[in-house]
Amino acid sequence: MSKTSHLKSLFLLVLAIIFGNKAFAQLEEVGNMIAAGEQDAKLLLQPYIAPAINGFGAAQAGGWYNTAEPHKLGGFDITFTANVAMAPKKYSTFLINNNELSFLKLQDPSLNETQTVVGENIDGPQLVYHVMDNNNNVVYTQNAFRMPEGLNVRYVPSPMIQAGIGLIKGTEVMVRYMPNIKLEGNELGLWGIGGKHDIKQWIPGLKKLPLLKVSVMYGYTKLHTLIVLNVTPENINAESLPEEQANNNWEDQYMKLWVKSHTANLLIGADLKVVSFYGGIGFASSKTNLKMEGDFPYVGLDATYQPVVKTVTDPIDMEIENKDGSFTKPRLNLGVRFKLAIVTLHFDYSWANYSVFTAGLGFSYR
């Protein structure tokens, strides 16, 4: 695979569309949902893509700690972390409500189950145009597109580099970063900041226990991405229709995402000479802003009620939210870290709606 293909695949990690040409084609199919305008596109796009985006948000919340003890003053670490979230199987499919659709309809209303992006490699149901005039007469019906299949991959990765430095009074500041990567108009970047504080020192009795470590932590991560799309009338089976806006080359189409995740946890651990055990209890939440910007084609009617290819500008602007953990059902984490001189290796697992496995390799001093 060429360098270009690898970097394109990296952009698609944001959507949990994992590696390769098939993944890139899947993204183009997401753009095809604009076929009948903004309203129907939102009804189809959000449930299709949300499991991957929420999984990515959950993965971003992982890997913030590999011990419950903050660094001492001047201590530091640099760690490469790989987090992998798993989308629950129940999010592999969703049901299309034919009655909620306006300008698209299911060809067979009884076949309304379709795959999400993390679902199986099964073609979704056929959607047809259902364009009506002012008298509610159907004046144009034609195959539009099939709902895209899934990638049969429910694992959503999020690699990153993180560093921490110890300050006074058992406080540690942590940062994580992925430099902006740009290629062929695409762009991807990530940064985050967090903190950890030793609360054992403030609890009488606990501070006399030498092995036990107790602290609290908070972390915030933000990812931004810009992905070039190319949706034309041919993609939405409308190449035979006249275009209302002549000479539109359908360029400068983009999908933009901003994924923001927060996590806060109470940490408890025990540090031995070579091995440390740690656990956390808390919550993780993410919010994604998804936009499609540019001119996109869709099928509508002209002034004489004839079907034409119309243009919609900046058709999608939506939020997708997810939360793992609450007071009644918190997010739980258990892990182990091995340390040889300044080299560390750690593994942990977080139990939540979107569970996360984390592995990391780093260098730590004090």
# chains A, B, ... in the order shown; residues from 1 in each chain; ligands from 1
>>> select_by_dssp(residues="range 179-293 of chain A", states="strand (DSSP E or B)", output="mmCIF file with N, CA, C and O atoms, in the first residue's frame")
data_model
loop_
_atom_site.group_PDB
_atom_site.id
_atom_site.type_symbol
_atom_site.label_atom_id
_atom_site.label_comp_id
_atom_site.auth_asym_id
_atom_site.auth_seq_id
_atom_site.Cartn_x
_atom_site.Cartn_y
_atom_site.Cartn_z
ATOM 1 N N PRO A 179 0.594 15.476 16.011
ATOM 2 C CA PRO A 179 0.769 16.646 15.136
ATOM 3 C C PRO A 179 -0.173 16.595 13.949
ATOM 4 O O PRO A 179 -0.593 15.522 13.499
ATOM 5 N N ASN A 180 -0.532 17.782 13.431
ATOM 6 C CA ASN A 180 -1.402 17.862 12.261
ATOM 7 C C ASN A 180 -0.765 17.131 11.078
ATOM 8 O O ASN A 180 0.400 17.361 10.754
ATOM 9 N N ILE A 181 -1.539 16.256 10.474
ATOM 10 C CA ILE A 181 -1.112 15.553 9.272
ATOM 11 C C ILE A 181 -1.978 16.062 8.132
ATOM 12 O O ILE A 181 -3.200 16.076 8.239
ATOM 13 N N LYS A 182 -1.334 16.489 7.034
ATOM 14 C CA LYS A 182 -2.076 17.015 5.892
ATOM 15 C C LYS A 182 -1.673 16.246 4.641
ATOM 16 O O LYS A 182 -0.496 15.980 4.415
ATOM 17 N N LEU A 183 -2.670 15.896 3.844
ATOM 18 C CA LEU A 183 -2.416 15.180 2.603
ATOM 19 C C LEU A 183 -3.594 15.353 1.663
ATOM 20 O O LEU A 183 -4.728 15.045 2.028
ATOM 21 N N ASN A 186 -6.772 16.638 2.934
ATOM 22 C CA ASN A 186 -7.223 16.046 4.194
ATOM 23 C C ASN A 186 -6.344 16.531 5.345
ATOM 24 O O ASN A 186 -5.185 16.888 5.149
ATOM 25 N N GLU A 187 -6.910 16.512 6.546
ATOM 26 C CA GLU A 187 -6.153 16.983 7.709
ATOM 27 C C GLU A 187 -6.628 16.260 8.957
ATOM 28 O O GLU A 187 -7.818 15.959 9.107
ATOM 29 N N LEU A 188 -5.683 15.949 9.849
ATOM 30 C CA LEU A 188 -6.006 15.259 11.094
ATOM 31 C C LEU A 188 -5.048 15.723 12.182
ATOM 32 O O LEU A 188 -3.842 15.803 11.959
ATOM 33 N N GLY A 189 -5.572 16.046 13.369
ATOM 34 C CA GLY A 189 -4.734 16.448 14.486
ATOM 35 C C GLY A 189 -5.430 16.191 15.810
ATOM 36 O O GLY A 189 -6.660 16.081 15.866
ATOM 37 N N LEU A 190 -4.648 16.067 16.874
ATOM 38 C CA LEU A 190 -5.211 15.752 18.202
ATOM 39 C C LEU A 190 -4.345 16.382 19.276
ATOM 40 O O LEU A 190 -3.121 16.450 19.156
ATOM 41 N N TRP A 191 -5.004 16.860 20.338
ATOM 42 C CA TRP A 191 -4.277 17.321 21.518
ATOM 43 C C TRP A 191 -5.159 17.101 22.741
ATOM 44 O O TRP A 191 -6.371 16.939 22.636
ATOM 45 N N GLY A 192 -4.520 17.064 23.907
ATOM 46 C CA GLY A 192 -5.283 16.890 25.140
ATOM 47 C C GLY A 192 -4.489 17.364 26.331
ATOM 48 O O GLY A 192 -3.252 17.482 26.284
ATOM 49 N N ILE A 193 -5.182 17.629 27.418
ATOM 50 C CA ILE A 193 -4.536 18.061 28.660
ATOM 51 C C ILE A 193 -5.289 17.464 29.838
ATOM 52 O O ILE A 193 -6.514 17.277 29.787
ATOM 53 N N GLY A 194 -4.536 17.113 30.877
ATOM 54 C CA GLY A 194 -5.166 16.520 32.055
ATOM 55 C C GLY A 194 -4.319 16.750 33.289
ATOM 56 O O GLY A 194 -3.240 17.357 33.240
ATOM 57 N N GLY A 195 -4.809 16.236 34.398
ATOM 58 C CA GLY A 195 -4.094 16.387 35.654
ATOM 59 C C GLY A 195 -4.412 15.260 36.608
ATOM 60 O O GLY A 195 -5.453 14.594 36.495
ATOM 61 N N LYS A 196 -3.496 15.025 37.520
ATOM 62 C CA LYS A 196 -3.664 13.988 38.544
ATOM 63 C C LYS A 196 -3.207 14.577 39.878
ATOM 64 O O LYS A 196 -2.214 15.324 39.927
ATOM 65 N N HIS A 197 -3.929 14.275 40.955
ATOM 66 C CA HIS A 197 -3.572 14.824 42.268
ATOM 67 C C HIS A 197 -3.717 13.752 43.342
ATOM 68 O O HIS A 197 -4.726 13.046 43.408
ATOM 69 N N ASP A 198 -2.696 13.651 44.167
ATOM 70 C CA ASP A 198 -2.672 12.690 45.277
ATOM 71 C C ASP A 198 -3.589 13.178 46.394
ATOM 72 O O ASP A 198 -3.346 14.243 46.992
ATOM 73 N N LEU A 212 -0.244 1.712 49.350
ATOM 74 C CA LEU A 212 -1.510 2.189 48.786
ATOM 75 C C LEU A 212 -1.358 3.591 48.199
ATOM 76 O O LEU A 212 -0.813 4.497 48.836
ATOM 77 N N LYS A 213 -1.871 3.785 46.983
ATOM 78 C CA LYS A 213 -1.875 5.083 46.319
ATOM 79 C C LYS A 213 -3.321 5.448 45.985
ATOM 80 O O LYS A 213 -4.061 4.629 45.443
ATOM 81 N N VAL A 214 -3.714 6.685 46.283
ATOM 82 C CA VAL A 214 -5.078 7.141 46.010
ATOM 83 C C VAL A 214 -4.993 8.544 45.412
ATOM 84 O O VAL A 214 -4.373 9.440 45.996
ATOM 85 N N SER A 215 -5.599 8.733 44.277
ATOM 86 C CA SER A 215 -5.569 10.043 43.638
ATOM 87 C C SER A 215 -6.820 10.239 42.799
ATOM 88 O O SER A 215 -7.621 9.320 42.603
ATOM 89 N N VAL A 216 -6.979 11.448 42.296
ATOM 90 C CA VAL A 216 -8.062 11.768 41.370
ATOM 91 C C VAL A 216 -7.431 12.317 40.098
ATOM 92 O O VAL A 216 -6.326 12.880 40.129
ATOM 93 N N MET A 217 -8.123 12.134 38.963
ATOM 94 C CA MET A 217 -7.583 12.643 37.707
ATOM 95 C C MET A 217 -8.718 13.135 36.811
ATOM 96 O O MET A 217 -9.877 12.768 36.966
ATOM 97 N N TYR A 218 -8.336 14.013 35.892
ATOM 98 C CA TYR A 218 -9.257 14.515 34.865
ATOM 99 C C TYR A 218 -8.476 14.655 33.561
ATOM 100 O O TYR A 218 -7.298 15.042 33.567
ATOM 101 N N GLY A 219 -9.113 14.323 32.434
ATOM 102 C CA GLY A 219 -8.467 14.473 31.146
ATOM 103 C C GLY A 219 -9.432 14.957 30.080
ATOM 104 O O GLY A 219 -10.610 14.569 30.070
ATOM 105 N N TYR A 220 -8.946 15.809 29.207
ATOM 106 C CA TYR A 220 -9.728 16.341 28.087
ATOM 107 C C TYR A 220 -8.936 16.132 26.806
ATOM 108 O O TYR A 220 -7.744 16.466 26.738
ATOM 109 N N THR A 221 -9.569 15.557 25.795
ATOM 110 C CA THR A 221 -8.924 15.316 24.504
ATOM 111 C C THR A 221 -9.799 15.888 23.402
ATOM 112 O O THR A 221 -11.024 15.744 23.424
ATOM 113 N N LYS A 222 -9.165 16.524 22.421
ATOM 114 C CA LYS A 222 -9.900 17.062 21.275
ATOM 115 C C LYS A 222 -9.201 16.632 19.992
ATOM 116 O O LYS A 222 -8.002 16.834 19.820
ATOM 117 N N LEU A 223 -9.980 16.043 19.100
ATOM 118 C CA LEU A 223 -9.496 15.678 17.779
ATOM 119 C C LEU A 223 -10.245 16.477 16.732
ATOM 120 O O LEU A 223 -11.448 16.694 16.856
ATOM 121 N N HIS A 224 -9.538 16.930 15.722
ATOM 122 C CA HIS A 224 -10.218 17.582 14.600
ATOM 123 C C HIS A 224 -9.755 16.926 13.308
ATOM 124 O O HIS A 224 -8.597 16.487 13.190
ATOM 125 N N THR A 225 -10.660 16.816 12.368
ATOM 126 C CA THR A 225 -10.313 16.240 11.080
ATOM 127 C C THR A 225 -11.117 16.889 9.971
ATOM 128 O O THR A 225 -12.249 17.333 10.182
ATOM 129 N N LEU A 226 -10.510 16.965 8.808
ATOM 130 C CA LEU A 226 -11.143 17.460 7.604
ATOM 131 C C LEU A 226 -10.871 16.428 6.517
ATOM 132 O O LEU A 226 -9.710 16.088 6.262
ATOM 133 N N ILE A 227 -11.935 15.916 5.885
ATOM 134 C CA ILE A 227 -11.803 14.855 4.888
ATOM 135 C C ILE A 227 -12.468 15.317 3.602
ATOM 136 O O ILE A 227 -13.613 15.779 3.613
ATOM 137 N N VAL A 228 -11.752 15.200 2.508
ATOM 138 C CA VAL A 228 -12.276 15.618 1.207
ATOM 139 C C VAL A 228 -13.269 14.568 0.688
ATOM 140 O O VAL A 228 -12.990 13.370 0.710
ATOM 141 N N LEU A 229 -14.430 15.031 0.222
ATOM 142 C CA LEU A 229 -15.434 14.168 -0.402
ATOM 143 C C LEU A 229 -15.561 14.514 -1.881
ATOM 144 O O LEU A 229 -15.117 15.576 -2.326
ATOM 145 N N GLU A 243 -29.228 19.534 -14.601
ATOM 146 C CA GLU A 243 -28.775 20.206 -13.388
ATOM 147 C C GLU A 243 -29.332 21.618 -13.352
ATOM 148 O O GLU A 243 -29.201 22.374 -14.312
ATOM 149 N N GLN A 253 -15.899 19.737 -1.525
ATOM 150 C CA GLN A 253 -16.819 19.104 -0.579
ATOM 151 C C GLN A 253 -15.988 18.512 0.562
ATOM 152 O O GLN A 253 -14.990 17.833 0.329
ATOM 153 N N TYR A 254 -16.424 18.754 1.799
ATOM 154 C CA TYR A 254 -15.647 18.299 2.951
ATOM 155 C C TYR A 254 -16.558 17.723 4.030
ATOM 156 O O TYR A 254 -17.684 18.175 4.221
ATOM 157 N N MET A 255 -16.033 16.722 4.738
ATOM 158 C CA MET A 255 -16.614 16.288 6.003
ATOM 159 C C MET A 255 -15.672 16.741 7.108
ATOM 160 O O MET A 255 -14.476 16.455 7.070
ATOM 161 N N LYS A 256 -16.199 17.459 8.084
ATOM 162 C CA LYS A 256 -15.393 17.945 9.198
ATOM 163 C C LYS A 256 -15.947 17.372 10.499
ATOM 164 O O LYS A 256 -17.161 17.344 10.703
ATOM 165 N N LEU A 257 -15.026 16.923 11.363
ATOM 166 C CA LEU A 257 -15.427 16.404 12.662
ATOM 167 C C LEU A 257 -14.541 16.997 13.748
ATOM 168 O O LEU A 257 -13.332 17.138 13.569
ATOM 169 N N TRP A 258 -15.177 17.310 14.863
ATOM 170 C CA TRP A 258 -14.470 17.699 16.082
ATOM 171 C C TRP A 258 -14.961 16.759 17.179
ATOM 172 O O TRP A 258 -16.139 16.806 17.569
ATOM 173 N N VAL A 259 -14.080 15.912 17.671
ATOM 174 C CA VAL A 259 -14.441 14.939 18.712
ATOM 175 C C VAL A 259 -13.814 15.395 20.020
ATOM 176 O O VAL A 259 -12.588 15.466 20.131
ATOM 177 N N LYS A 260 -14.647 15.710 21.002
ATOM 178 C CA LYS A 260 -14.166 16.179 22.303
ATOM 179 C C LYS A 260 -14.558 15.150 23.365
ATOM 180 O O LYS A 260 -15.727 14.791 23.469
ATOM 181 N N SER A 261 -13.582 14.694 24.137
ATOM 182 C CA SER A 261 -13.875 13.702 25.174
ATOM 183 C C SER A 261 -13.362 14.188 26.528
ATOM 184 O O SER A 261 -12.323 14.843 26.621
ATOM 185 N N HIS A 262 -14.128 13.846 27.555
ATOM 186 C CA HIS A 262 -13.779 14.169 28.941
ATOM 187 C C HIS A 262 -13.795 12.876 29.748
ATOM 188 O O HIS A 262 -14.637 12.003 29.514
ATOM 189 N N THR A 263 -12.899 12.762 30.707
ATOM 190 C CA THR A 263 -12.956 11.648 31.646
ATOM 191 C C THR A 263 -12.468 12.120 33.009
ATOM 192 O O THR A 263 -11.560 12.948 33.102
ATOM 193 N N ALA A 264 -13.098 11.612 34.065
ATOM 194 C CA ALA A 264 -12.682 11.898 35.445
ATOM 195 C C ALA A 264 -12.796 10.599 36.235
ATOM 196 O O ALA A 264 -13.777 9.854 36.075
ATOM 197 N N ASN A 265 -11.791 10.322 37.073
ATOM 198 C CA ASN A 265 -11.754 9.043 37.778
ATOM 199 C C ASN A 265 -11.115 9.178 39.152
ATOM 200 O O ASN A 265 -10.216 10.012 39.361
ATOM 201 N N LEU A 266 -11.574 8.358 40.076
ATOM 202 C CA LEU A 266 -10.891 8.126 41.340
ATOM 203 C C LEU A 266 -9.978 6.933 41.129
ATOM 204 O O LEU A 266 -10.425 5.868 40.701
ATOM 205 N N LEU A 267 -8.683 7.108 41.413
ATOM 206 C CA LEU A 267 -7.692 6.068 41.156
ATOM 207 C C LEU A 267 -7.200 5.458 42.462
ATOM 208 O O LEU A 267 -6.942 6.171 43.440
ATOM 209 N N ILE A 268 -7.067 4.138 42.466
ATOM 210 C CA ILE A 268 -6.520 3.414 43.606
ATOM 211 C C ILE A 268 -5.498 2.421 43.071
ATOM 212 O O ILE A 268 -5.755 1.729 42.079
ATOM 213 N N GLY A 269 -4.322 2.351 43.703
ATOM 214 C CA GLY A 269 -3.303 1.440 43.213
ATOM 215 C C GLY A 269 -2.325 1.033 44.289
ATOM 216 O O GLY A 269 -2.341 1.547 45.418
ATOM 217 N N ALA A 270 -1.481 0.085 43.925
ATOM 218 C CA ALA A 270 -0.404 -0.380 44.799
ATOM 219 C C ALA A 270 0.851 -0.499 43.968
ATOM 220 O O ALA A 270 0.858 -1.180 42.935
ATOM 221 N N ASP A 271 1.923 0.167 44.391
ATOM 222 C CA ASP A 271 3.178 0.179 43.641
ATOM 223 C C ASP A 271 4.219 -0.677 44.342
ATOM 224 O O ASP A 271 4.583 -0.416 45.505
ATOM 225 N N VAL A 275 6.424 -4.187 39.632
ATOM 226 C CA VAL A 275 5.062 -4.238 39.107
ATOM 227 C C VAL A 275 4.151 -3.341 39.933
ATOM 228 O O VAL A 275 4.317 -3.209 41.148
ATOM 229 N N SER A 276 3.216 -2.692 39.249
ATOM 230 C CA SER A 276 2.212 -1.853 39.913
ATOM 231 C C SER A 276 0.830 -2.279 39.441
ATOM 232 O O SER A 276 0.633 -2.642 38.273
ATOM 233 N N PHE A 277 -0.121 -2.222 40.357
ATOM 234 C CA PHE A 277 -1.519 -2.504 40.031
ATOM 235 C C PHE A 277 -2.324 -1.228 40.251
ATOM 236 O O PHE A 277 -2.069 -0.484 41.209
ATOM 237 N N TYR A 278 -3.251 -0.968 39.361
ATOM 238 C CA TYR A 278 -4.034 0.255 39.494
ATOM 239 C C TYR A 278 -5.451 0.029 38.965
ATOM 240 O O TYR A 278 -5.714 -0.877 38.173
ATOM 241 N N GLY A 279 -6.346 0.860 39.451
ATOM 242 C CA GLY A 279 -7.732 0.804 38.998
ATOM 243 C C GLY A 279 -8.368 2.169 39.098
ATOM 244 O O GLY A 279 -7.883 3.055 39.812
ATOM 245 N N GLY A 280 -9.448 2.347 38.362
ATOM 246 C CA GLY A 280 -10.155 3.624 38.374
ATOM 247 C C GLY A 280 -11.652 3.413 38.354
ATOM 248 O O GLY A 280 -12.156 2.399 37.854
ATOM 249 N N ILE A 281 -12.365 4.372 38.894
ATOM 250 C CA ILE A 281 -13.822 4.367 38.862
ATOM 251 C C ILE A 281 -14.266 5.792 38.544
ATOM 252 O O ILE A 281 -13.834 6.743 39.189
ATOM 253 N N GLY A 282 -15.106 5.950 37.520
ATOM 254 C CA GLY A 282 -15.485 7.295 37.124
ATOM 255 C C GLY A 282 -16.382 7.296 35.908
ATOM 256 O O GLY A 282 -17.244 6.426 35.754
ATOM 257 N N PHE A 283 -16.171 8.253 35.014
ATOM 258 C CA PHE A 283 -17.014 8.379 33.824
ATOM 259 C C PHE A 283 -16.176 8.879 32.656
ATOM 260 O O PHE A 283 -15.085 9.434 32.821
ATOM 261 N N ALA A 284 -16.694 8.676 31.460
ATOM 262 C CA ALA A 284 -16.128 9.243 30.243
ATOM 263 C C ALA A 284 -17.275 9.710 29.368
ATOM 264 O O ALA A 284 -18.309 9.041 29.282
ATOM 265 N N SER A 285 -17.122 10.860 28.748
ATOM 266 C CA SER A 285 -18.164 11.360 27.851
ATOM 267 C C SER A 285 -17.511 11.981 26.626
ATOM 268 O O SER A 285 -16.376 12.441 26.678
ATOM 269 N N SER A 286 -18.238 11.951 25.522
ATOM 270 C CA SER A 286 -17.723 12.554 24.302
ATOM 271 C C SER A 286 -18.842 13.278 23.573
ATOM 272 O O SER A 286 -20.012 12.912 23.674
ATOM 273 N N LYS A 287 -18.470 14.321 22.839
ATOM 274 C CA LYS A 287 -19.400 15.048 21.981
ATOM 275 C C LYS A 287 -18.707 15.311 20.660
ATOM 276 O O LYS A 287 -17.582 15.808 20.628
ATOM 277 N N THR A 288 -19.383 14.952 19.582
ATOM 278 C CA THR A 288 -18.830 15.119 18.247
ATOM 279 C C THR A 288 -19.675 16.099 17.454
ATOM 280 O O THR A 288 -20.903 15.958 17.390
ATOM 281 N N ASN A 289 -19.034 17.086 16.883
ATOM 282 C CA ASN A 289 -19.678 17.977 15.918
ATOM 283 C C ASN A 289 -19.288 17.502 14.526
ATOM 284 O O ASN A 289 -18.101 17.418 14.207
ATOM 285 N N LEU A 290 -20.291 17.169 13.724
ATOM 286 C CA LEU A 290 -20.061 16.667 12.374
ATOM 287 C C LEU A 290 -20.695 17.620 11.376
ATOM 288 O O LEU A 290 -21.878 17.937 11.484
ATOM 289 N N LYS A 291 -19.900 18.063 10.419
ATOM 290 C CA LYS A 291 -20.403 18.967 9.390
ATOM 291 C C LYS A 291 -20.008 18.449 8.012
ATOM 292 O O LYS A 291 -18.923 17.891 7.836
ATOM 293 N N MET A 292 -20.915 18.650 7.062
ATOM 294 C CA MET A 292 -20.581 18.477 5.653
ATOM 295 C C MET A 292 -20.682 19.848 5.013
ATOM 296 O O MET A 292 -21.745 20.479 5.059
ATOM 297 N N GLU A 293 -19.573 20.299 4.465
ATOM 298 C CA GLU A 293 -19.520 21.648 3.903
ATOM 299 C C GLU A 293 -19.226 21.586 2.410
ATOM 300 O O GLU A 293 -18.507 20.706 1.933
#
>>> closest_atom_pairs(of="range 74-109 of chain A", to="range 62-65 of chain A", cutoff="9 Å", atoms="only C-alpha atoms", output="JSON lines")
{"residue": "A:Thr81", "atom": "CA", "partner": "A:Gly63", "partner_atom": "CA", "distance": 6.3}
{"residue": "A:Ala82", "atom": "CA", "partner": "A:Gly63", "partner_atom": "CA", "distance": 7.5}
{"residue": "A:Asn83", "atom": "CA", "partner": "A:Gly62", "partner_atom": "CA", "distance": 6.1}
{"residue": "A:Val84", "atom": "CA", "partner": "A:Gly62", "partner_atom": "CA", "distance": 8.4}
{"residue": "A:Ala85", "atom": "CA", "partner": "A:Gly62", "partner_atom": "CA", "distance": 8.7}
>>> write_last_selection(atoms="N, CA, C and O atoms", output="short mmCIF file (atom, residue, chain, number, x, y, z; two decimals), in the first residue's frame")
data_model
loop_
_atom_site.label_atom_id
_atom_site.label_comp_id
_atom_site.auth_asym_id
_atom_site.auth_seq_id
_atom_site.Cartn_x
_atom_site.Cartn_y
_atom_site.Cartn_z
N THR A 81 0.77 5.33 23.67
CA THR A 81 -0.39 4.58 24.12
C THR A 81 -1.27 4.22 22.93
O THR A 81 -1.52 5.05 22.05
N ALA A 82 -1.76 3.00 22.93
CA ALA A 82 -2.74 2.56 21.93
C ALA A 82 -4.00 2.14 22.66
O ALA A 82 -3.98 1.22 23.48
N ASN A 83 -5.10 2.85 22.41
CA ASN A 83 -6.40 2.53 23.00
C ASN A 83 -7.31 1.95 21.92
O ASN A 83 -7.35 2.47 20.80
N VAL A 84 -8.03 0.91 22.26
CA VAL A 84 -8.96 0.29 21.32
C VAL A 84 -10.31 0.14 22.01
O VAL A 84 -10.43 -0.59 23.00
N ALA A 85 -11.32 0.84 21.50
CA ALA A 85 -12.68 0.73 22.04
C ALA A 85 -13.46 -0.30 21.23
O ALA A 85 -13.21 -0.50 20.03
#
>>> residues_around(residues="range 71-75 of chain A", least_positions_apart="4", cutoff="8 Å", atoms="only C-alpha atoms", output="PyMOL selection string")
chain A and resi 164-168+170-172+364-366
>>> select_by_dssp(residues="range 193-315 of chain A", states="helix (DSSP H, G or I)", output="ChimeraX atom specification")
/A:200-202,206-208,233-236
>>> residues_around(residues="Thr141 in chain A", least_positions_apart="6", cutoff="8 Å", atoms="only C-alpha atoms", output="list in words")
Val128, Tyr129, His130 and Val131 of chain A
>>> atom_distance(atom1="CA of Ile96 in chain A", atom2="CA of Ser110 in chain A")
10.0 Å
>>> atom_distance(atom1="CA of Thr93 in chain A", atom2="CA of Glu38 in chain A")
22.0 Å
>>> atom_distance(atom1="CA of Gln115 in chain A", atom2="CA of Gln46 in chain A")
12.4 Å
>>> residues_around(residues="Phe94 in chain A", least_positions_apart="2", cutoff="9 Å", atoms="only C-alpha atoms", output="ChimeraX atom specification")
/A:47-48,90-92,96,112-116
>>> residues_around(residues="range 311-318 of chain A", least_positions_apart="3", cutoff="12 Å", atoms="only C-alpha atoms", output="ChimeraX atom specification")
/A:30-31,33-47,49-50,231-233,242-258,287-302,308,321
